Amino acid sequence: QIERSRRGETNIFWPTPIKWFAKSSGTTNAKSKFIPVSDDSLEKCHYAAGKDMLCMYLNNNPDSKLFNGKSLRLGGSKELYSRNGTQFGDLSAILIDNMPFWAEYSSTPSNEVSLMSNWEVKMPAIVNETIRENVTSLAGVPSWMLVLLNNALEASGRENLFEIWPNLEVYFHGGVNFLPYAD
């Protein structure tokens, strides 16, 4: 049924057309899967969860200066493959690519850099764009965020993140257990 929907057939999973498919990393059996992403799931699930997370943080931290800076977001590839009016790619790329235009003003790096597909080029580009920004929050999966943060420390010659971003106050992530990354 996924393949039928990817070919453009409608009303299989949802009463509105499915335009995007999030490509899984394939960790279960080494084969990627395609997860249908509807307009409703973007708004009522993914974006709503982000807003809820933000509201909970601000409610619990009334003196937050979060909006005095930018969110360093780490997203996947925008190399979205189009076929029959549907596209697939990393869920984070689909989310970033569909955010309102004004969201880029409070985020770093730029959409152009954030959605690059070649990680060997992307990582230094992210570091170069973000290292001089007033970053107040981090958002992204822990494994790749750890790589990015280590790259930022190395490129800056600093010993800790607060020497790079003195106003950093929170890290938002989802989808995986954070415990292995806590140290």
# chains A, B, ... in the order shown; residues from 1 in each chain; ligands from 1
>>> select_by_dssp(residues="segment 7-173 of chain A", states="helix (DSSP H, G or I)", output="PyMOL selection string")
chain A and resi 39-60+66-68+91-97+101-106+111-114+119-130+142-156+161-164
>>> residues_around(residues="segment 168-182 of chain A", least_positions_apart="4", cutoff="7 Å", atoms="only C-alpha atoms", output="PyMOL selection string")
chain A and resi 135-142+162
>>> residues_around(residues="Arg7 of chain A", least_positions_apart="5", cutoff="9 Å", atoms="only C-alpha atoms", output="short mmCIF file (atom, residue, chain, number, x, y, z; two decimals) with all heavy atoms, in the first residue's frame")
data_model
loop_
_atom_site.label_atom_id
_atom_site.label_comp_id
_atom_site.auth_asym_id
_atom_site.auth_seq_id
_atom_site.Cartn_x
_atom_site.Cartn_y
_atom_site.Cartn_z
N ILE A 2 2.02 1.19 0.62
CA ILE A 2 2.92 2.34 0.62
C ILE A 2 3.31 2.67 -0.82
O ILE A 2 3.29 3.84 -1.23
CB ILE A 2 4.19 2.07 1.46
CG1 ILE A 2 3.84 1.92 2.94
CG2 ILE A 2 5.24 3.14 1.25
CD1 ILE A 2 3.54 3.20 3.66
N ARG A 83 8.49 11.91 -7.25
CA ARG A 83 7.93 10.98 -8.23
C ARG A 83 6.41 11.00 -8.07
O ARG A 83 5.91 10.84 -6.98
CB ARG A 83 8.45 9.57 -8.00
CG ARG A 83 7.84 8.56 -8.98
CD ARG A 83 8.30 7.16 -8.72
NE ARG A 83 9.59 6.97 -9.36
CZ ARG A 83 10.29 5.88 -9.26
NH1 ARG A 83 9.86 4.88 -8.54
NH2 ARG A 83 11.45 5.76 -9.88
N ASN A 84 5.72 11.23 -9.17
CA ASN A 84 4.26 11.22 -9.17
C ASN A 84 3.67 12.17 -8.14
O ASN A 84 2.67 11.87 -7.51
CB ASN A 84 3.73 9.80 -8.93
CG ASN A 84 4.15 8.85 -10.02
OD1 ASN A 84 4.16 9.21 -11.19
ND2 ASN A 84 4.54 7.65 -9.64
N GLY A 85 4.31 13.29 -7.93
CA GLY A 85 3.78 14.27 -7.01
C GLY A 85 4.05 13.99 -5.54
O GLY A 85 3.55 14.67 -4.67
N THR A 86 4.82 12.94 -5.25
CA THR A 86 5.17 12.64 -3.87
C THR A 86 6.69 12.78 -3.71
O THR A 86 7.43 12.71 -4.68
CB THR A 86 4.74 11.22 -3.45
OG1 THR A 86 5.45 10.26 -4.22
CG2 THR A 86 3.24 11.02 -3.62
#
>>> atom_distance(atom1="atom CA of Leu153 of chain A", atom2="atom CA of Lys65 of chain A")
23.0 Å
>>> residues_around(residues="segment 96-105 of chain A", least_positions_apart="6", cutoff="9 Å", atoms="only C-alpha atoms", output="ChimeraX atom specification")
/A:42,47,70,75-76,78,111,114-115
>>> atom_distance(atom1="atom CA of Asn167 of chain A", atom2="atom CA of Ala49 of chain A")
24.2 Å
>>> select_by_dssp(residues="segment 1-181 of chain A", states="strand (DSSP E or B)", output="ChimeraX atom specification")
/A:20-23,34-37,70-73,81-83,86-89,107-108,135-139,170-172
>>> write_last_selection(atoms="N, CA, C and O atoms", output="short mmCIF file (atom, residue, chain, number, x, y, z; two decimals), in the first residue's frame")
data_model
loop_
_atom_site.label_atom_id
_atom_site.label_comp_id
_atom_site.auth_asym_id
_atom_site.auth_seq_id
_atom_site.Cartn_x
_atom_site.Cartn_y
_atom_site.Cartn_z
N TRP A 20 4.35 13.61 1.17
CA TRP A 20 5.69 13.33 1.67
C TRP A 20 5.75 11.96 2.33
O TRP A 20 4.80 11.50 2.95
N PHE A 21 6.93 11.35 2.22
CA PHE A 21 7.21 10.10 2.91
C PHE A 21 8.55 10.25 3.62
O PHE A 21 9.55 10.56 2.99
N ALA A 22 8.51 10.07 4.94
CA ALA A 22 9.75 10.13 5.71
C ALA A 22 10.45 8.80 5.54
O ALA A 22 9.86 7.74 5.76
N LYS A 23 11.69 8.87 5.14
CA LYS A 23 12.47 7.65 4.93
C LYS A 23 13.16 7.30 6.23
O LYS A 23 13.92 8.09 6.79
N PHE A 34 9.24 3.68 4.27
CA PHE A 34 8.67 4.97 3.93
C PHE A 34 7.43 5.19 4.78
O PHE A 34 6.49 4.40 4.72
N ILE A 35 7.46 6.24 5.58
CA ILE A 35 6.39 6.55 6.51
C ILE A 35 5.58 7.71 5.95
O ILE A 35 6.13 8.79 5.72
N PRO A 36 4.27 7.51 5.71
CA PRO A 36 3.45 8.59 5.16
C PRO A 36 3.39 9.80 6.09
O PRO A 36 3.24 9.65 7.30
N VAL A 37 3.54 10.98 5.53
CA VAL A 37 3.45 12.24 6.29
C VAL A 37 2.40 13.11 5.61
O VAL A 37 2.59 13.56 4.49
N LYS A 70 19.13 32.42 18.77
CA LYS A 70 18.64 31.51 17.73
C LYS A 70 18.72 30.06 18.19
O LYS A 70 19.52 29.71 19.05
N SER A 71 17.92 29.24 17.53
CA SER A 71 17.96 27.81 17.76
C SER A 71 18.86 27.18 16.70
O SER A 71 18.65 27.37 15.51
N LEU A 72 19.87 26.47 17.16
CA LEU A 72 20.73 25.72 16.25
C LEU A 72 20.01 24.40 15.99
O LEU A 72 19.91 23.56 16.86
N ARG A 73 19.48 24.27 14.79
CA ARG A 73 18.72 23.07 14.42
C ARG A 73 19.59 22.21 13.51
O ARG A 73 20.27 22.70 12.62
N TYR A 81 13.40 13.11 -3.12
CA TYR A 81 13.17 12.49 -4.43
C TYR A 81 11.70 12.66 -4.81
O TYR A 81 10.81 12.29 -4.05
N SER A 82 11.46 13.25 -5.94
CA SER A 82 10.08 13.47 -6.40
C SER A 82 9.67 12.41 -7.42
O SER A 82 10.43 12.07 -8.30
N ARG A 83 8.49 11.91 -7.25
CA ARG A 83 7.93 10.98 -8.23
C ARG A 83 6.41 11.00 -8.07
O ARG A 83 5.91 10.84 -6.98
N THR A 86 4.82 12.94 -5.25
CA THR A 86 5.17 12.64 -3.87
C THR A 86 6.69 12.78 -3.71
O THR A 86 7.43 12.71 -4.68
N GLN A 87 7.11 13.00 -2.48
CA GLN A 87 8.55 13.15 -2.20
C GLN A 87 8.91 12.32 -0.98
O GLN A 87 8.06 12.07 -0.12
N PHE A 88 10.19 11.93 -0.88
CA PHE A 88 10.64 11.30 0.34
C PHE A 88 11.99 11.86 0.75
O PHE A 88 12.74 12.38 -0.07
N GLY A 89 12.25 11.77 2.03
CA GLY A 89 13.50 12.25 2.58
C GLY A 89 13.47 12.10 4.08
O GLY A 89 12.53 11.52 4.64
N SER A 107 16.36 30.76 13.49
CA SER A 107 17.11 29.50 13.46
C SER A 107 18.44 29.69 12.77
O SER A 107 18.63 30.59 11.97
N THR A 108 19.35 28.81 13.09
CA THR A 108 20.63 28.73 12.43
C THR A 108 20.98 27.26 12.32
O THR A 108 20.60 26.49 13.22
N VAL A 135 23.50 31.54 19.91
CA VAL A 135 22.69 30.33 19.99
C VAL A 135 22.21 30.16 21.43
O VAL A 135 23.01 30.12 22.36
N THR A 136 20.88 30.06 21.58
CA THR A 136 20.29 29.87 22.91
C THR A 136 19.67 28.49 23.09
O THR A 136 19.37 28.09 24.20
N SER A 137 19.49 27.76 21.98
CA SER A 137 18.96 26.40 22.09
C SER A 137 19.52 25.52 20.97
O SER A 137 19.95 26.02 19.94
N LEU A 138 19.49 24.24 21.23
CA LEU A 138 19.92 23.23 20.26
C LEU A 138 18.73 22.32 19.98
O LEU A 138 17.95 22.02 20.90
N ALA A 139 18.60 21.86 18.74
CA ALA A 139 17.53 20.94 18.39
C ALA A 139 18.03 19.95 17.34
O ALA A 139 18.55 20.36 16.31
N VAL A 170 19.18 25.41 26.49
CA VAL A 170 18.38 24.19 26.44
C VAL A 170 18.69 23.39 25.16
O VAL A 170 19.09 23.96 24.14
N TYR A 171 18.51 22.08 25.28
CA TYR A 171 18.66 21.17 24.14
C TYR A 171 17.34 20.41 23.98
O TYR A 171 16.89 19.74 24.90
N PHE A 172 16.72 20.54 22.81
CA PHE A 172 15.49 19.83 22.50
C PHE A 172 15.82 18.68 21.55
O PHE A 172 16.53 18.87 20.57
#
>>> residues_around(residues="segment 12-17 of chain A", least_positions_apart="4", cutoff="9 Å", atoms="only C-alpha atoms", output="number ranges by chain")
A: 1-2, 4-5, 8, 36, 38-40
>>> write_last_selection(atoms="C-alpha atoms", output="CSV table (one decimal), in the first residue's frame")
chain,number,residue,atom,x,y,z
A,1,GLN,CA,0.0,0.0,0.0
A,2,ILE,CA,2.9,2.3,0.6
A,4,ARG,CA,0.6,2.6,-4.3
A,5,SER,CA,0.5,5.8,-2.2
A,8,GLY,CA,0.1,9.1,-6.2
A,36,PRO,CA,3.4,8.6,5.2
A,38,SER,CA,0.2,14.2,5.8
A,39,ASP,CA,-0.4,17.9,6.1
A,40,ASP,CA,-2.4,17.1,9.2
>>> closest_residue(among="A:Ser92, A:Ser77, A:Thr130, A:Ser106", to="Leu148 of chain A", atoms="only C-alpha atoms")
A:Thr130
>>> closest_residue(among="A:Val147, A:Glu133, A:Arg6, A:Ser32", to="Ile164 of chain A", atoms="only C-alpha atoms")
A:Glu133
>>> closest_residue(among="A:Met116, A:Leu74, A:Asn61, A:Ile94", to="His46 of chain A", atoms="only C-alpha atoms")
A:Ile94
>>> decode(residues="segment 93-133 of chain A", atoms="N, CA and C atoms", output="mmCIF file, in the first residue's frame")
data_model
loop_
_atom_site.group_PDB
_atom_site.id
_atom_site.type_symbol
_atom_site.label_atom_id
_atom_site.label_comp_id
_atom_site.auth_asym_id
_atom_site.auth_seq_id
_atom_site.Cartn_x
_atom_site.Cartn_y
_atom_site.Cartn_z
ATOM 1 N N ALA A 93 14.141 16.940 7.486
ATOM 2 C CA ALA A 93 14.208 17.771 6.275
ATOM 3 C C ALA A 93 12.808 18.170 5.823
ATOM 4 N N ILE A 94 11.872 17.246 5.895
ATOM 5 C CA ILE A 94 10.491 17.553 5.529
ATOM 6 C C ILE A 94 9.946 18.631 6.463
ATOM 7 N N LEU A 95 10.237 18.508 7.758
ATOM 8 C CA LEU A 95 9.765 19.495 8.737
ATOM 9 C C LEU A 95 10.365 20.873 8.462
ATOM 10 N N ILE A 96 11.681 20.931 8.284
ATOM 11 C CA ILE A 96 12.354 22.210 8.035
ATOM 12 C C ILE A 96 11.879 22.819 6.719
ATOM 13 N N ASP A 97 11.750 21.998 5.705
ATOM 14 C CA ASP A 97 11.371 22.481 4.386
ATOM 15 C C ASP A 97 9.942 23.038 4.351
ATOM 16 N N ASN A 98 9.114 22.630 5.293
ATOM 17 C CA ASN A 98 7.721 23.060 5.307
ATOM 18 C C ASN A 98 7.388 24.060 6.411
ATOM 19 N N MET A 99 8.389 24.493 7.162
ATOM 20 C CA MET A 99 8.141 25.501 8.190
ATOM 21 C C MET A 99 7.807 26.837 7.536
ATOM 22 N N PRO A 100 7.096 27.688 8.255
ATOM 23 C CA PRO A 100 6.823 29.019 7.689
ATOM 24 C C PRO A 100 8.135 29.771 7.447
ATOM 25 N N PHE A 101 8.134 30.665 6.463
ATOM 26 C CA PHE A 101 9.360 31.358 6.059
ATOM 27 C C PHE A 101 10.024 32.087 7.223
ATOM 28 N N TRP A 102 9.235 32.608 8.149
ATOM 29 C CA TRP A 102 9.800 33.397 9.250
ATOM 30 C C TRP A 102 10.561 32.536 10.262
ATOM 31 N N ALA A 103 10.362 31.217 10.255
ATOM 32 C CA ALA A 103 11.068 30.346 11.194
ATOM 33 C C ALA A 103 12.573 30.373 10.961
ATOM 34 N N GLU A 104 12.976 30.627 9.718
ATOM 35 C CA GLU A 104 14.411 30.659 9.418
ATOM 36 C C GLU A 104 15.101 31.830 10.122
ATOM 37 N N TYR A 105 14.369 32.902 10.386
ATOM 38 C CA TYR A 105 14.968 34.069 11.041
ATOM 39 C C TYR A 105 15.386 33.799 12.481
ATOM 40 N N SER A 106 14.727 32.839 13.129
ATOM 41 C CA SER A 106 15.073 32.541 14.516
ATOM 42 C C SER A 106 15.875 31.247 14.626
ATOM 43 N N SER A 107 16.358 30.755 13.488
ATOM 44 C CA SER A 107 17.110 29.504 13.463
ATOM 45 C C SER A 107 18.443 29.691 12.770
ATOM 46 N N THR A 108 19.347 28.806 13.095
ATOM 47 C CA THR A 108 20.628 28.734 12.430
ATOM 48 C C THR A 108 20.979 27.258 12.321
ATOM 49 N N PRO A 109 21.596 26.784 11.281
ATOM 50 C CA PRO A 109 22.037 27.497 10.096
ATOM 51 C C PRO A 109 20.860 27.806 9.161
ATOM 52 N N SER A 110 21.168 28.448 8.055
ATOM 53 C CA SER A 110 20.168 28.769 7.044
ATOM 54 C C SER A 110 19.549 27.477 6.507
ATOM 55 N N ASN A 111 18.379 27.599 5.903
ATOM 56 C CA ASN A 111 17.752 26.429 5.283
ATOM 57 C C ASN A 111 18.672 25.794 4.245
ATOM 58 N N GLU A 112 19.341 26.635 3.475
ATOM 59 C CA GLU A 112 20.225 26.122 2.431
ATOM 60 C C GLU A 112 21.277 25.181 3.018
ATOM 61 N N VAL A 113 21.917 25.595 4.088
ATOM 62 C CA VAL A 113 22.951 24.764 4.716
ATOM 63 C C VAL A 113 22.315 23.625 5.509
ATOM 64 N N SER A 114 21.267 23.931 6.239
ATOM 65 C CA SER A 114 20.614 22.931 7.079
ATOM 66 C C SER A 114 20.149 21.715 6.287
ATOM 67 N N LEU A 115 19.771 21.923 5.034
ATOM 68 C CA LEU A 115 19.190 20.847 4.241
ATOM 69 C C LEU A 115 20.151 20.246 3.217
ATOM 70 N N MET A 116 21.435 20.560 3.322
ATOM 71 C CA MET A 116 22.425 19.947 2.423
ATOM 72 C C MET A 116 22.412 18.433 2.597
ATOM 73 N N SER A 117 22.762 17.722 1.550
ATOM 74 C CA SER A 117 22.734 16.262 1.632
ATOM 75 C C SER A 117 24.101 15.642 1.935
ATOM 76 N N ASN A 118 25.179 16.275 1.556
ATOM 77 C CA ASN A 118 26.521 15.720 1.764
ATOM 78 C C ASN A 118 27.039 16.137 3.140
ATOM 79 N N TRP A 119 27.083 15.183 4.085
ATOM 80 C CA TRP A 119 27.477 15.502 5.461
ATOM 81 C C TRP A 119 28.918 15.980 5.566
ATOM 82 N N GLU A 120 29.778 15.544 4.666
ATOM 83 C CA GLU A 120 31.179 15.980 4.697
ATOM 84 C C GLU A 120 31.291 17.475 4.392
ATOM 85 N N VAL A 121 30.391 18.003 3.595
ATOM 86 C CA VAL A 121 30.344 19.427 3.269
ATOM 87 C C VAL A 121 29.449 20.158 4.265
ATOM 88 N N LYS A 122 28.391 19.504 4.649
ATOM 89 C CA LYS A 122 27.375 20.107 5.515
ATOM 90 C C LYS A 122 27.926 20.447 6.906
ATOM 91 N N MET A 123 28.652 19.529 7.516
ATOM 92 C CA MET A 123 29.110 19.730 8.898
ATOM 93 C C MET A 123 29.975 20.983 9.048
ATOM 94 N N PRO A 124 31.025 21.172 8.221
ATOM 95 C CA PRO A 124 31.803 22.409 8.371
ATOM 96 C C PRO A 124 30.983 23.657 8.015
ATOM 97 N N ALA A 125 30.050 23.526 7.085
ATOM 98 C CA ALA A 125 29.201 24.671 6.724
ATOM 99 C C ALA A 125 28.316 25.071 7.907
ATOM 100 N N ILE A 126 27.787 24.092 8.627
ATOM 101 C CA ILE A 126 26.974 24.390 9.811
ATOM 102 C C ILE A 126 27.832 25.075 10.864
ATOM 103 N N VAL A 127 29.003 24.524 11.114
ATOM 104 C CA VAL A 127 29.902 25.124 12.115
ATOM 105 C C VAL A 127 30.223 26.564 11.721
ATOM 106 N N ASN A 128 30.589 26.793 10.462
ATOM 107 C CA ASN A 128 30.935 28.147 10.011
ATOM 108 C C ASN A 128 29.784 29.127 10.166
ATOM 109 N N GLU A 129 28.550 28.679 9.915
ATOM 110 C CA GLU A 129 27.396 29.577 10.027
ATOM 111 C C GLU A 129 26.961 29.818 11.463
ATOM 112 N N THR A 130 27.165 28.854 12.323
ATOM 113 C CA THR A 130 26.588 28.955 13.673
ATOM 114 C C THR A 130 27.547 29.455 14.740
ATOM 115 N N ILE A 131 28.818 29.328 14.507
ATOM 116 C CA ILE A 131 29.807 29.583 15.560
ATOM 117 C C ILE A 131 29.822 31.032 16.049
ATOM 118 N N ARG A 132 29.381 31.959 15.221
ATOM 119 C CA ARG A 132 29.359 33.366 15.615
ATOM 120 C C ARG A 132 27.954 33.856 15.959
ATOM 121 N N GLU A 133 26.981 32.962 15.929
ATOM 122 C CA GLU A 133 25.600 33.322 16.258
ATOM 123 C C GLU A 133 25.383 33.291 17.770
#
